[in-house]
Amino acid sequence: QVQLVESGGGLVQPGRSLRLSCTASRDIFSDSVMSWFRQAPGKQQRELVATITSEGARAYFGPVKGRFTIDRDSATNTVYLQMANLKPEDTAVYYCHAQMLRGGHIYGQGTQVTVSS
């Protein structure tokens with residue numbers, strides 16, 4: 001079974017940038033849609049932030065448009081989320097997600113991002 005491991009979270013000041021990484025235990029990019037979700041403090045639902053399809057099409061959702069960029073490196077089975085101009089409301093646990101085109105999905109363990117001065 002594939003595993004996803006996130007890294008790159010931390011404490012950052014408003015207006016600064018941060019890059020999250022998600023490495024898969026095997027090559028899954030060719031038959032999955034990779035996404036980043038986030039769950040803010042006190043909220044029960046995870047919010048979809050960005051997706052990248054097996055063909056490389058990208059989409060962004062909500063207030064991250066224009067500030068966040070999703071990308072991938074097939075050579076290392078890694079998906080990135082580059083976050084710029086971070087705001088306190090971006091504080092959340094960020095989760096990498098893989099939706100397999102042949103069925104099934106998986107989340108990573110999450111990485112905490114805190115935006116505070």
# chains A, B, ... in the order shown; residues from 1 in each chain; ligands from 1
call {"tool": "residues_around", "arguments": {"residues": "Val93 (chain A)", "least_positions_apart": "5", "cutoff": "8 Å", "atoms": "only C-alpha atoms", "output": "PDB file with N, CA, C and O atoms, in the first residue's frame"}}
result
ATOM      1  N   ARG A  38      -6.376  21.135   3.891  1.00  0.00           N
ATOM      2  CA  ARG A  38      -5.947  21.683   5.175  1.00  0.00           C
ATOM      3  C   ARG A  38      -7.124  21.678   6.144  1.00  0.00           C
ATOM      4  O   ARG A  38      -8.278  21.741   5.729  1.00  0.00           O
ATOM      5  N   GLN A  39      -6.796  21.577   7.421  1.00  0.00           N
ATOM      6  CA  GLN A  39      -7.804  21.597   8.478  1.00  0.00           C
ATOM      7  C   GLN A  39      -7.389  22.645   9.500  1.00  0.00           C
ATOM      8  O   GLN A  39      -6.365  22.487  10.180  1.00  0.00           O
ATOM      9  N   ALA A  40      -8.180  23.706   9.564  1.00  0.00           N
ATOM     10  CA  ALA A  40      -7.874  24.815  10.461  1.00  0.00           C
ATOM     11  C   ALA A  40      -8.240  24.452  11.898  1.00  0.00           C
ATOM     12  O   ALA A  40      -9.096  23.583  12.128  1.00  0.00           O
ATOM     13  N   GLY A 110      -0.059  14.536   7.785  1.00  0.00           N
ATOM     14  CA  GLY A 110      -0.259  15.960   8.013  1.00  0.00           C
ATOM     15  C   GLY A 110       0.979  16.657   8.523  1.00  0.00           C
ATOM     16  O   GLY A 110       1.846  16.042   9.169  1.00  0.00           O
ATOM     17  N   THR A 111       1.060  17.949   8.222  1.00  0.00           N
ATOM     18  CA  THR A 111       2.155  18.780   8.721  1.00  0.00           C
ATOM     19  C   THR A 111       1.571  20.126   9.149  1.00  0.00           C
ATOM     20  O   THR A 111       0.749  20.703   8.437  1.00  0.00           O
ATOM     21  N   GLN A 112       1.985  20.605  10.315  1.00  0.00           N
ATOM     22  CA  GLN A 112       1.417  21.820  10.893  1.00  0.00           C
ATOM     23  C   GLN A 112       2.072  23.060  10.294  1.00  0.00           C
ATOM     24  O   GLN A 112       3.308  23.155  10.234  1.00  0.00           O
ATOM     25  N   VAL A 113       1.236  23.996   9.883  1.00  0.00           N
ATOM     26  CA  VAL A 113       1.696  25.306   9.440  1.00  0.00           C
ATOM     27  C   VAL A 113       1.052  26.348  10.341  1.00  0.00           C
ATOM     28  O   VAL A 113      -0.169  26.396  10.467  1.00  0.00           O
TER      29      VAL A 113
END
call {"tool": "residues_around", "arguments": {"residues": "region 51-57 of chain A", "least_positions_apart": "4", "cutoff": "7 Å", "atoms": "only C-alpha atoms", "output": "short mmCIF file (atom, residue, chain, number, x, y, z; two decimals) with N, CA, C and O atoms, in the first residue's frame"}}
result
data_model
loop_
_atom_site.label_atom_id
_atom_site.label_comp_id
_atom_site.auth_asym_id
_atom_site.auth_seq_id
_atom_site.Cartn_x
_atom_site.Cartn_y
_atom_site.Cartn_z
N PHE A 29 1.87 9.07 -9.59
CA PHE A 29 1.41 10.27 -10.28
C PHE A 29 0.70 9.94 -11.59
O PHE A 29 -0.20 10.66 -12.00
N SER A 30 1.09 8.87 -12.25
CA SER A 30 0.53 8.56 -13.57
C SER A 30 -0.90 8.07 -13.49
O SER A 30 -1.61 8.08 -14.50
N ASP A 31 -1.36 7.64 -12.32
CA ASP A 31 -2.72 7.13 -12.21
C ASP A 31 -3.45 7.65 -10.98
O ASP A 31 -4.26 6.94 -10.38
N SER A 32 -3.18 8.90 -10.63
CA SER A 32 -3.86 9.48 -9.48
C SER A 32 -3.95 10.99 -9.62
O SER A 32 -3.21 11.61 -10.39
N VAL A 33 -4.88 11.56 -8.87
CA VAL A 33 -4.97 13.00 -8.70
C VAL A 33 -4.40 13.33 -7.33
O VAL A 33 -4.87 12.79 -6.32
N MET A 34 -3.40 14.16 -7.29
CA MET A 34 -2.76 14.54 -6.04
C MET A 34 -3.32 15.88 -5.56
O MET A 34 -3.52 16.80 -6.38
N SER A 35 -3.55 15.98 -4.27
CA SER A 35 -4.15 17.20 -3.73
C SER A 35 -3.52 17.56 -2.40
O SER A 35 -2.89 16.72 -1.74
N TRP A 36 -3.71 18.81 -2.04
CA TRP A 36 -3.41 19.28 -0.69
C TRP A 36 -4.73 19.74 -0.07
O TRP A 36 -5.49 20.51 -0.70
N ILE A 70 0.91 24.44 -6.71
CA ILE A 70 1.14 23.01 -6.57
C ILE A 70 2.00 22.54 -7.72
O ILE A 70 1.82 22.97 -8.87
#
call {"tool": "select_by_dssp", "arguments": {"residues": "chain A", "states": "strand (DSSP E or B)", "output": "number ranges by chain"}}
result
A: 4-7, 10-12, 18-24, 32-39, 47-52, 58-60, 68-73, 78-83, 92-100, 105-107, 111-115
call {"tool": "write_last_selection", "arguments": {"atoms": "C-alpha atoms", "output": "PDB file, in the first residue's frame"}}
result
ATOM      1  CA  LEU A   4       2.457   9.618   1.757  1.00  0.00           C
ATOM      2  CA  VAL A   5       4.858  11.533   3.978  1.00  0.00           C
ATOM      3  CA  GLU A   6       4.589  15.304   4.331  1.00  0.00           C
ATOM      4  CA  SER A   7       7.287  17.678   5.504  1.00  0.00           C
ATOM      5  CA  GLY A  10       6.537  25.148  10.744  1.00  0.00           C
ATOM      6  CA  LEU A  11       6.079  28.601  12.250  1.00  0.00           C
ATOM      7  CA  VAL A  12       6.328  31.519   9.825  1.00  0.00           C
ATOM      8  CA  LEU A  18       6.897  28.212   2.955  1.00  0.00           C
ATOM      9  CA  ARG A  19       7.133  25.084   0.821  1.00  0.00           C
ATOM     10  CA  LEU A  20       5.524  21.799   1.801  1.00  0.00           C
ATOM     11  CA  SER A  21       6.629  18.463   0.377  1.00  0.00           C
ATOM     12  CA  CYS A  22       4.786  15.164   0.066  1.00  0.00           C
ATOM     13  CA  THR A  23       6.733  12.078  -0.963  1.00  0.00           C
ATOM     14  CA  ALA A  24       4.967   8.917  -2.073  1.00  0.00           C
ATOM     15  CA  SER A  32      -3.856   9.479  -9.476  1.00  0.00           C
ATOM     16  CA  VAL A  33      -4.972  13.004  -8.701  1.00  0.00           C
ATOM     17  CA  MET A  34      -2.763  14.544  -6.035  1.00  0.00           C
ATOM     18  CA  SER A  35      -4.151  17.197  -3.730  1.00  0.00           C
ATOM     19  CA  TRP A  36      -3.410  19.279  -0.689  1.00  0.00           C
ATOM     20  CA  PHE A  37      -6.106  19.712   1.955  1.00  0.00           C
ATOM     21  CA  ARG A  38      -5.947  21.683   5.175  1.00  0.00           C
ATOM     22  CA  GLN A  39      -7.804  21.597   8.478  1.00  0.00           C
ATOM     23  CA  GLU A  47     -10.681  22.144   3.068  1.00  0.00           C
ATOM     24  CA  LEU A  48      -9.423  21.400  -0.432  1.00  0.00           C
ATOM     25  CA  VAL A  49      -6.580  23.741  -1.319  1.00  0.00           C
ATOM     26  CA  ALA A  50      -5.059  22.592  -4.610  1.00  0.00           C
ATOM     27  CA  THR A  51      -4.976  19.648  -7.009  1.00  0.00           C
ATOM     28  CA  ILE A  52      -2.794  18.385  -9.821  1.00  0.00           C
ATOM     29  CA  ARG A  58      -3.657  22.353 -11.761  1.00  0.00           C
ATOM     30  CA  ALA A  59      -6.560  23.862  -9.832  1.00  0.00           C
ATOM     31  CA  TYR A  60      -6.753  26.070  -6.752  1.00  0.00           C
ATOM     32  CA  PHE A  68      -0.192  28.972  -3.564  1.00  0.00           C
ATOM     33  CA  THR A  69       1.331  26.790  -6.289  1.00  0.00           C
ATOM     34  CA  ILE A  70       1.137  23.010  -6.566  1.00  0.00           C
ATOM     35  CA  ASP A  71       3.830  21.147  -8.461  1.00  0.00           C
ATOM     36  CA  ARG A  72       5.351  17.700  -8.664  1.00  0.00           C
ATOM     37  CA  ASP A  73       8.597  15.925  -9.410  1.00  0.00           C
ATOM     38  CA  THR A  78       7.167  14.251  -4.619  1.00  0.00           C
ATOM     39  CA  VAL A  79       4.369  16.806  -4.724  1.00  0.00           C
ATOM     40  CA  TYR A  80       5.004  20.329  -3.506  1.00  0.00           C
ATOM     41  CA  LEU A  81       2.843  23.144  -2.233  1.00  0.00           C
ATOM     42  CA  GLN A  82       4.613  26.485  -2.505  1.00  0.00           C
ATOM     43  CA  MET A  83       2.859  29.005  -0.285  1.00  0.00           C
ATOM     44  CA  ALA A  92      -3.802  24.713   9.669  1.00  0.00           C
ATOM     45  CA  VAL A  93      -2.642  21.145   9.463  1.00  0.00           C
ATOM     46  CA  TYR A  94      -1.896  20.486   5.799  1.00  0.00           C
ATOM     47  CA  TYR A  95      -2.538  17.027   4.374  1.00  0.00           C
ATOM     48  CA  CYS A  96      -1.348  15.479   1.156  1.00  0.00           C
ATOM     49  CA  HIS A  97      -3.962  13.310  -0.575  1.00  0.00           C
ATOM     50  CA  ALA A  98      -3.900  10.825  -3.436  1.00  0.00           C
ATOM     51  CA  GLN A  99      -7.082   9.818  -5.280  1.00  0.00           C
ATOM     52  CA  MET A 100      -6.345   6.712  -7.340  1.00  0.00           C
ATOM     53  CA  HIS A 105      -7.586   7.159  -1.752  1.00  0.00           C
ATOM     54  CA  ILE A 106      -5.078   7.940   0.967  1.00  0.00           C
ATOM     55  CA  TYR A 107      -4.004  10.856   3.153  1.00  0.00           C
ATOM     56  CA  THR A 111       2.155  18.780   8.721  1.00  0.00           C
ATOM     57  CA  GLN A 112       1.417  21.820  10.893  1.00  0.00           C
ATOM     58  CA  VAL A 113       1.696  25.306   9.440  1.00  0.00           C
ATOM     59  CA  THR A 114       1.388  28.227  11.844  1.00  0.00           C
ATOM     60  CA  VAL A 115       1.391  31.797  10.571  1.00  0.00           C
TER      61      VAL A 115
END
call {"tool": "atom_distance", "arguments": {"atom1": "CA of Ser17 (chain A)", "atom2": "CA of Leu86 (chain A)"}}
result
6.2 Å
call {"tool": "residues_around", "arguments": {"residues": "Arg67 (chain A)", "least_positions_apart": "3", "cutoff": "7 Å", "atoms": "only C-alpha atoms", "output": "MDAnalysis selection string"}}
result
chainID A and resid 64 83:85
